[in-house]
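**Student:** The structure's right below; bear with me while I get my questions together.
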Amino acid sequence: MIQEIKKNIIDLLTAAGVMGDIELSSPPKPEMGDFAFACFGIAKEKGENPATAAKNLVEKISPPVDGEEDLIVKVQAFGPYVNFFVDSQELAKTVLKNILENKKFGTHTFGQGQTILVEYACPNPMKVFHLGHLRNLITGEAMARILENAGYDVKRVNYQGDVGMHIAKSLWGINQMNDVFASMKNKSVEEQVAFLGKAYALGATKFEEDAATQAEILEYNRKIYEHDWEIQDVYQTARVWSLEYFDTIYTKLGTRFDRLYFESEVFNEGKKMVLDGLEKGIFKKSDGAIIFPGSECGLHDRVFINSQGFPTYEAKDLGLAKLHFTEYKPDKVIHVVGKEQTEYFKVVFQALSVILPKTKDKELHLVGGYLQLKGDEKMSSRKGNVISGDELVMSVENNVRKIMAERDIQHKEFIVNKVSIAALKYTMLRVNASEDMAFDVQESVSISGDSGSYVLYIVTRIRSLLVKAGVLPNSIELNVSVKIPEEIGAEEKQLLLVLARFSEVTQQAVNEFNPSVITKYVFALAQAFNVFYQTCSVLDAATEQKQFRLYLAQAVARVMTDGLYLLGIETVEEM
RNA sequence: GCUCUCGUCGUCUAAAGGAUAUGACAUCGGCCUCCGAAGCCGAAAAUCCAGGUUCAAUUCCUGGCGAGAGCACCA
């Protein structure tokens, strides 16, 4: 609804003769006004200096009538800016009406009728689910929710590499430890997966060191692609262990997929597409391999079918894309994948747009920045010294459990779990998805500051306030006729202004494909509420004011809960 | 070597060319007989370097320096 207020101001400016697109910003301090228009542009047109232009413009803006219904009550020049002041009562009326009467506040309809595939997580069976996968998973789920909130028909998909060299290395490694493998059949998924991790590490290391092993592993690779019966038993067993283990992670983090894609179901089609493309001259032969000559259009060459005749990751992605478009006819496919694949995707998307023109401009790489544990050395899954995703989750949980040791609340373990996931997700979604980030376990569970627990805390405080006031959190009727007090304090007005921004923010998150704008907003809202709550007593206030403040608190709780939902974070009753 | 990212308080970070560069952690100093102090208020603290474009540059351009990634048969 901030858009409505802005439209009001833009109308005033247009009426005063300002042409073209009008952009409004916020003054640095609330005393200076609520919205600002910079006059540099119009000053240039008229050959005036910006400050004079601002003064002249203020003269021309029809002085707001002192009527009841005017949203804008004051217009003032501040140097080169024209600043607008919003009437607190009108603002309060609009904001509360919108939030409390409108269940859909913050949602949009511009995505209706369009299908978007969000592909994320994408761990490789028989390998570790590492921190990068965890960050992708959290980003992807948030992005999916943000898109759903805008009306898109979202399909969550997960593409996993169950064929190829890493599987060959794992199978070879397992074969070296057959006895252990046999003894793992009745163990927990965690132990089974830990074993698979070791097997892969062994295979990967030996592959580098020893030529004979290399040949054996290549032979395994052939058997995988050719569905050789000899390896099927071990292959299927290990594959299932991995997938079951991944499932436990998805469940824990509150995500579920509409469709799991596997390399094993797309590699044949991918290979076929490349061979067809070879005949049409789209691909070329080079040193026994088949490549896409990306260098001819400013990119780089990549191998799609290797000299042994096996499709590489590149070819498989072509097969996958074809399957995506056959099954869902998407308007967009968003791949949430680490930034090391940026150049790779440019080539694959280019090849794809030639082979399947309908995919053009629909494939999108949502770049995921790296995640590094603070103070940690660079990790390599090949060396086996990684901290896995679930180890990090457990580590966060242990920290939260320690912090909450003194708390006397029911269902503590349940709360510990919720708070931990909130802390983890919040920290991951706090920075721009494409930026590298340093993850500090201590900081993420930190009791204070820009953290998941800070924002959850607000919601629990509001719940407890509403209970004390005798209004249960969900009992306020939607068709309230809110009485607005004569006096609205500066803190209350600031809080209202932040509340009003929510729908703009949910739209921005879609436009930028960036969940972190929601995180930043939720934090700003929490801060604004805390400032208000510190200065304004609710329960001791006069009837009318008390009523208004309870509605305000209620509105904050609702927007906060909705915002956190978009991040995949659940709120708690108490903590 | 070529290409692509990225360099902001001690640390983690924010700013689709615009007002005094945003917050948080840590540090220092205040605020609980009062709605949950997991809170609030205050202090100190930063745009890698050199040019250029612009009325205006953390942002755009060029060149350094530094970090990371990609660059043929891995995924």
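Just so we're on the same page: first chain in the structure tokens is A, next is B, and so on; residues restart at 1 for each chain, and ligands are numbered from 1 in the order they show up.
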Give me, as a PyMOL selection string, all polymer residues having an atom no more than 6 Å from range 21-28 of chain B, counting only C-alpha atoms (C1' of nucleotides) and skipping those fewer than 2 positions away in the same chain.
**Tutor:** (chain A and resi 449-450) or (chain B and resi 14)
**Student:** Considering only C-alpha atoms (C1' of nucleotides), give me a table of residues in chain A that are at most 7 Å from chain B, with the closest atom pair and distance in Å for each, as a Markdown table.
**Tutor:**
```
| residue | atom | partner | partner_atom | distance |
| --- | --- | --- | --- | --- |
| A:Pro28 | CA | B:A19 | C1' | 6.9 |
| A:Met165 | CA | B:C74 | C1' | 6.6 |
| A:Ala289 | CA | B:C73 | C1' | 6.3 |
| A:Arg302 | CA | B:A72 | C1' | 6.0 |
| A:Val303 | CA | B:A72 | C1' | 5.5 |
| A:Asn306 | CA | B:C73 | C1' | 4.4 |
| A:Ser307 | CA | B:C73 | C1' | 6.1 |
| A:Tyr313 | CA | B:A75 | C1' | 6.4 |
| A:Glu340 | CA | B:A69 | C1' | 5.5 |
| A:Glu343 | CA | B:G70 | C1' | 6.5 |
| A:Ile447 | CA | B:A38 | C1' | 4.7 |
| A:Ser448 | CA | B:A38 | C1' | 5.8 |
| A:Gly449 | CA | B:A24 | C1' | 5.6 |
| A:Asp450 | CA | B:A24 | C1' | 5.3 |
| A:Ser453 | CA | B:A38 | C1' | 6.8 |
| A:Tyr454 | CA | B:A38 | C1' | 6.4 |
| A:Tyr457 | CA | B:A38 | C1' | 6.6 |
| A:Arg461 | CA | B:G36 | C1' | 5.9 |
| A:Leu465 | CA | B:C35 | C1' | 5.9 |
| A:Val531 | CA | B:C40 | C1' | 6.9 |
| A:Gln534 | CA | B:C40 | C1' | 6.1 |
| A:Ser537 | CA | B:C35 | C1' | 6.8 |
| A:Val538 | CA | B:C35 | C1' | 6.3 |
| A:Leu539 | CA | B:C35 | C1' | 5.9 |
```
**Student:** With C-alpha atoms retained, could you export that selection as a compact mmCIF listing (two decimals), in the first residue's frame?
**Tutor:**
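Just written: out-v5.txt:
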```txt
# COMPACT_ATOMS: atom_id res chain seq x y z
CA PRO A 28 17.62 10.19 6.02
CA MET A 165 32.39 -40.63 -12.53
CA ALA A 289 34.96 -35.79 -28.21
CA ARG A 302 32.68 -27.42 -23.78
CA VAL A 303 32.67 -31.18 -24.13
CA ASN A 306 33.46 -37.48 -24.18
CA SER A 307 35.80 -39.52 -26.32
CA TYR A 313 27.01 -33.20 -17.36
CA GLU A 340 31.36 -21.67 -9.99
CA GLU A 343 30.21 -19.75 -17.20
CA ILE A 447 20.83 -14.23 21.55
CA SER A 448 20.93 -10.65 20.31
CA GLY A 449 21.27 -8.65 17.18
CA ASP A 450 20.44 -9.36 13.57
CA SER A 453 16.06 -15.47 17.51
CA TYR A 454 15.72 -11.69 17.60
CA TYR A 457 11.41 -13.13 20.05
CA ARG A 461 6.41 -11.10 22.98
CA LEU A 465 1.05 -9.25 25.17
CA VAL A 531 11.52 0.94 19.51
CA GLN A 534 10.03 0.45 24.47
CA SER A 537 3.03 1.39 26.97
CA VAL A 538 0.18 -0.71 25.64
CA LEU A 539 -1.67 -2.21 28.57
```
**Student:** Just the number, please: distance in Å from CA of Glu269 in chain A to CA of Ile305 in chain A, one decimal.
**Tutor:**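 Atom-to-atom, CA of Glu269 in chain A to CA of Ile305 in chain A, that is 12.3 Å.
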**Student:** Would you mind writing down, as an MDAnalysis selection string, each residue of range 231-271 of chain A that DSSP on the backbone assigns to strand (DSSP E or B)?
**Tutor:** chainID A and resid 259:262
**Student:** Restricting the output to C-alpha atoms, write the selected residues as a PDB file, in the first residue's frame.
**Tutor:**
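File written: part_5.pdb
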```
ATOM      1  CA  ARG A 259       9.654 -33.979  -8.752  1.00  0.00           C
ATOM      2  CA  LEU A 260      13.051 -35.579  -8.275  1.00  0.00           C
ATOM      3  CA  TYR A 261      14.999 -35.706 -11.508  1.00  0.00           C
ATOM      4  CA  PHE A 262      17.938 -38.034 -11.982  1.00  0.00           C
TER       5      PHE A 262
END
```
**Student:** For range 181-193 of chain A, list every protein, DNA or RNA residue within 7 Å, evaluated using only C-alpha atoms (C1' of nucleotides), and leave out those in the same chain fewer than 3 positions away; present the list as a PDB file with N, CA and C atoms, in the first residue's frame.
**Tutor:**
```
ATOM      1  N   ILE A 174      33.592 -48.685  -2.481  1.00  0.00           N
ATOM      2  CA  ILE A 174      32.784 -49.652  -1.738  1.00  0.00           C
ATOM      3  C   ILE A 174      33.364 -51.052  -1.925  1.00  0.00           C
ATOM      4  N   MET A 177      35.933 -52.124   0.299  1.00  0.00           N
ATOM      5  CA  MET A 177      35.550 -52.329   1.700  1.00  0.00           C
ATOM      6  C   MET A 177      34.264 -53.147   1.769  1.00  0.00           C
ATOM      7  N   ASN A 178      34.247 -54.200   1.017  1.00  0.00           N
ATOM      8  CA  ASN A 178      33.025 -55.000   0.905  1.00  0.00           C
ATOM      9  C   ASN A 178      32.470 -55.508   2.237  1.00  0.00           C
ATOM     10  N   LEU A 196      29.517 -44.255   2.946  1.00  0.00           N
ATOM     11  CA  LEU A 196      29.577 -43.901   1.523  1.00  0.00           C
ATOM     12  C   LEU A 196      30.537 -42.738   1.285  1.00  0.00           C
ATOM     13  N   GLY A 197      30.540 -41.812   2.208  1.00  0.00           N
ATOM     14  CA  GLY A 197      31.460 -40.681   2.108  1.00  0.00           C
ATOM     15  C   GLY A 197      32.901 -41.160   2.074  1.00  0.00           C
ATOM     16  N   TRP A 241      20.231 -45.645   0.022  1.00  0.00           N
ATOM     17  CA  TRP A 241      20.721 -45.117   1.306  1.00  0.00           C
ATOM     18  C   TRP A 241      20.856 -43.599   1.229  1.00  0.00           C
ATOM     19  N   SER A 242      21.501 -43.163   0.166  1.00  0.00           N
ATOM     20  CA  SER A 242      21.724 -41.727  -0.016  1.00  0.00           C
ATOM     21  C   SER A 242      20.416 -40.960  -0.082  1.00  0.00           C
ATOM     22  N   TYR A 245      18.616 -40.679   3.126  1.00  0.00           N
ATOM     23  CA  TYR A 245      19.315 -39.729   3.988  1.00  0.00           C
ATOM     24  C   TYR A 245      18.989 -38.287   3.585  1.00  0.00           C
TER      25      TYR A 245
END
```
**Student:** Which polymer residues have any atom within 7 Å of an atom of Ser444 in chain A, counting only C-alpha atoms (C1' of nucleotides), with same-chain residues fewer than 3 positions away left out, as number ranges by chain?
**Tutor:** A: 423-424, 427, 440-441, 451
**Student:** If DSSP is run on the backbone, what residues of range 113-305 of chain A are alpha helix (DSSP H)? A reply as a ChimeraX atom specification would be ideal.
**Tutor:** /A:131-149,165-176,178-183,189-209,211-225,229-252,263-279
**Student:** Those same residues - C-alpha atoms - I'd like them written as a tab-separated table (two decimals), in the first residue's frame.
**Tutor:**
```tsv
chain	number	residue	atom	x	y	z
A	131	LEU	CA	27.17	-26.70	3.21
A	132	GLY	CA	26.70	-25.38	-0.29
A	133	HIS	CA	23.77	-27.75	-0.78
A	134	LEU	CA	22.33	-26.55	2.49
A	135	ARG	CA	22.50	-22.92	1.49
A	136	ASN	CA	21.00	-23.72	-1.92
A	137	LEU	CA	18.23	-25.69	-0.30
A	138	ILE	CA	17.33	-22.82	1.99
A	139	THR	CA	17.56	-20.23	-0.78
A	140	GLY	CA	15.53	-22.39	-3.15
A	141	GLU	CA	12.71	-23.05	-0.73
A	142	ALA	CA	12.49	-19.35	0.13
A	143	MET	CA	12.49	-18.40	-3.54
A	144	ALA	CA	9.76	-20.94	-4.23
A	145	ARG	CA	7.57	-19.46	-1.50
A	146	ILE	CA	8.23	-15.90	-2.63
A	147	LEU	CA	7.18	-16.80	-6.16
A	148	GLU	CA	4.06	-18.62	-4.95
A	149	ASN	CA	3.22	-15.51	-2.97
A	165	MET	CA	32.39	-40.63	-12.53
A	166	HIS	CA	31.64	-39.78	-8.91
A	167	ILE	CA	29.38	-42.82	-8.71
A	168	ALA	CA	32.07	-44.94	-10.33
A	169	LYS	CA	34.56	-43.73	-7.75
A	170	SER	CA	32.16	-44.54	-4.95
A	171	LEU	CA	31.41	-48.02	-6.25
A	172	TRP	CA	35.09	-48.73	-6.60
A	173	GLY	CA	35.64	-47.50	-3.04
A	174	ILE	CA	32.78	-49.65	-1.74
A	175	ASN	CA	34.29	-52.67	-3.49
A	176	GLN	CA	37.51	-52.12	-1.54
A	178	ASN	CA	33.02	-55.00	0.90
A	179	ASP	CA	32.94	-56.39	4.43
A	180	VAL	CA	32.16	-53.04	5.95
A	181	PHE	CA	29.55	-52.45	3.28
A	182	ALA	CA	27.82	-55.71	4.17
A	183	SER	CA	27.85	-54.80	7.86
A	189	VAL	CA	21.17	-43.88	7.52
A	190	GLU	CA	23.71	-41.59	9.13
A	191	GLU	CA	26.20	-44.41	9.48
A	192	GLN	CA	25.48	-45.70	6.01
A	193	VAL	CA	26.05	-42.30	4.52
A	194	ALA	CA	29.22	-41.76	6.52
A	195	PHE	CA	30.47	-45.02	5.05
A	196	LEU	CA	29.58	-43.90	1.52
A	197	GLY	CA	31.46	-40.68	2.11
A	198	LYS	CA	34.56	-42.65	2.99
A	199	ALA	CA	34.15	-44.92	-0.01
A	200	TYR	CA	33.93	-41.93	-2.33
A	201	ALA	CA	36.94	-40.27	-0.74
A	202	LEU	CA	38.94	-43.46	-1.18
A	203	GLY	CA	37.95	-43.83	-4.83
A	204	ALA	CA	38.58	-40.18	-5.62
A	205	THR	CA	42.01	-40.21	-4.01
A	206	LYS	CA	43.17	-43.42	-5.65
A	207	PHE	CA	41.86	-42.24	-9.00
A	208	GLU	CA	44.36	-39.40	-8.91
A	209	GLU	CA	47.23	-41.48	-7.60
A	211	ALA	CA	46.75	-45.49	-13.14
A	212	ALA	CA	45.52	-49.06	-12.64
A	213	THR	CA	42.78	-47.83	-10.31
A	214	GLN	CA	41.88	-45.19	-12.80
A	215	ALA	CA	41.26	-47.84	-15.43
A	216	GLU	CA	39.14	-49.85	-13.01
A	217	ILE	CA	37.04	-46.83	-12.15
A	218	LEU	CA	36.50	-46.00	-15.80
A	219	GLU	CA	35.31	-49.56	-16.22
A	220	TYR	CA	32.83	-49.00	-13.41
A	221	ASN	CA	31.64	-45.90	-15.18
A	222	ARG	CA	30.94	-47.93	-18.32
A	223	LYS	CA	29.04	-50.51	-16.30
A	224	ILE	CA	26.88	-47.80	-14.75
A	225	TYR	CA	25.89	-46.34	-18.08
A	229	TRP	CA	23.80	-56.42	-13.90
A	230	GLU	CA	27.01	-57.12	-11.97
A	231	ILE	CA	26.96	-53.80	-10.13
A	232	GLN	CA	23.20	-53.27	-9.90
A	233	ASP	CA	22.76	-54.66	-6.42
A	234	VAL	CA	25.43	-52.53	-4.78
A	235	TYR	CA	24.53	-49.52	-6.91
A	236	GLN	CA	20.84	-49.60	-6.04
A	237	THR	CA	21.47	-50.22	-2.35
A	238	ALA	CA	23.89	-47.35	-1.99
A	239	ARG	CA	21.71	-45.05	-4.08
A	240	VAL	CA	18.70	-45.70	-1.86
A	241	TRP	CA	20.72	-45.12	1.31
A	242	SER	CA	21.72	-41.73	-0.02
A	243	LEU	CA	18.27	-40.72	-1.09
A	244	GLU	CA	16.71	-41.75	2.20
A	245	TYR	CA	19.31	-39.73	3.99
A	246	PHE	CA	18.66	-36.67	1.83
A	247	ASP	CA	14.97	-37.06	2.63
A	248	THR	CA	15.66	-36.69	6.34
A	249	ILE	CA	17.39	-33.39	5.60
A	250	TYR	CA	14.55	-32.11	3.42
A	251	THR	CA	12.02	-32.97	6.10
A	252	LYS	CA	14.05	-31.33	8.80
A	263	GLU	CA	20.76	-38.05	-14.46
A	264	SER	CA	20.00	-41.69	-15.09
A	265	GLU	CA	16.68	-40.73	-16.69
A	266	VAL	CA	17.98	-37.96	-18.93
A	267	PHE	CA	21.42	-38.98	-20.15
A	268	ASN	CA	20.18	-41.05	-23.09
A	269	GLU	CA	18.00	-38.25	-24.38
A	270	GLY	CA	20.80	-35.75	-23.80
A	271	LYS	CA	23.20	-37.86	-25.82
A	272	LYS	CA	20.67	-38.19	-28.61
A	273	MET	CA	20.17	-34.43	-28.72
A	274	VAL	CA	23.89	-33.87	-29.05
A	275	LEU	CA	24.23	-36.46	-31.82
A	276	ASP	CA	21.31	-34.88	-33.69
A	277	GLY	CA	22.94	-31.52	-33.18
A	278	LEU	CA	26.19	-32.88	-34.55
A	279	GLU	CA	24.47	-33.75	-37.81
```
**Student:** Find, counting only C-alpha atoms, the residue in A:His130, A:Lys418, A:Lys74, A:Lys322 that gets nearest to Asp390 in chain A.
**Tutor:** A:His130
**Student:** With only C-alpha atoms as the atoms that count, which of A:Asp228, A:Glu119, A:Glu314, A:Glu443 lies nearest to Val337 in chain A?
**Tutor:**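 Closest to Val337 in chain A, using only C-alpha atoms: A:Glu119.
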**Student:** Quick one: distance from C1' of A45 in chain B to CA of Tyr426 in chain A in Å, one decimal?
**Tutor:**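 Spanning C1' of A45 in chain B to CA of Tyr426 in chain A is a straight-line distance of 26.5 Å.
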**Student:** Please provide as a list in words all residues within 7 Å of range 435-438 of chain A, with the sequence filter that same-chain residues fewer than 5 positions apart are discarded (counting only C-alpha atoms (C1' of nucleotides)).
**Tutor:** Gly369, Tyr370, Leu371, Gln372, Leu373 and Lys374 of chain A
**Student:** Restricted to N, CA and C atoms, what would the selected residues look like written as a short mmCIF file (atom, residue, chain, number, x, y, z; two decimals), in the first residue's frame?
**Tutor:**
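The file below, result_14.cif, is the result:
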```
data_model
loop_
_atom_site.label_atom_id
_atom_site.label_comp_id
_atom_site.auth_asym_id
_atom_site.auth_seq_id
_atom_site.Cartn_x
_atom_site.Cartn_y
_atom_site.Cartn_z
N GLY A 369 26.24 -17.85 -3.83
CA GLY A 369 27.59 -17.55 -3.37
C GLY A 369 28.11 -18.68 -2.49
N TYR A 370 29.38 -18.65 -2.23
CA TYR A 370 29.97 -19.69 -1.39
C TYR A 370 29.65 -19.46 0.07
N LEU A 371 29.66 -20.56 0.78
CA LEU A 371 29.47 -20.47 2.20
C LEU A 371 30.69 -21.06 2.86
N GLN A 372 31.26 -20.32 3.73
CA GLN A 372 32.42 -20.85 4.43
C GLN A 372 32.22 -20.66 5.92
N LEU A 373 32.55 -21.69 6.67
CA LEU A 373 32.46 -21.55 8.11
C LEU A 373 33.54 -20.60 8.55
N LYS A 374 33.16 -19.72 9.43
CA LYS A 374 34.12 -18.71 9.86
C LYS A 374 35.33 -19.37 10.53
#
```
**Student:** Can you measure CA of Pro330 in chain A to CA of Pro123 in chain A for me? One decimal in Å is fine.
**Tutor:**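 These two atoms are separated by 22.8 Å.
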**Student:** Give me the residues within 7 Å of Gln112 in chain A as a list in words, counting only C-alpha atoms (C1' of nucleotides) and dropping any in the same chain fewer than 2 places off.
**Tutor:**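 Residues near the query, excluding close chain neighbours: Thr109, Phe110, Gln114, Gly151 and Tyr152 of chain A.
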**Student:** Find the spatial neighbours of Gly79 in chain A, counting only C-alpha atoms (C1' of nucleotides), within a cut-off of 9 Å - ignore same-chain residues fewer than 3 positions away - and output them as a PyMOL selection string.
**Tutor:** (chain A and resi 50-52+54-55+82) or (chain B and resi 19)
**Student:** Limited to C-alpha atoms (C1' of nucleotides), could you put the picked residues into a file as a compact mmCIF listing (two decimals), in the first residue's frame?
**Tutor:**
```txt
# COMPACT_ATOMS: atom_id res chain seq x y z
CA PRO A 50 18.61 22.22 -7.59
CA ALA A 51 17.82 24.01 -4.34
CA THR A 52 16.01 26.81 -6.17
CA ALA A 54 13.03 22.52 -5.13
CA LYS A 55 11.74 25.79 -3.65
CA VAL A 82 11.15 18.27 -1.94
C1' A B 19 20.93 14.43 1.73
```
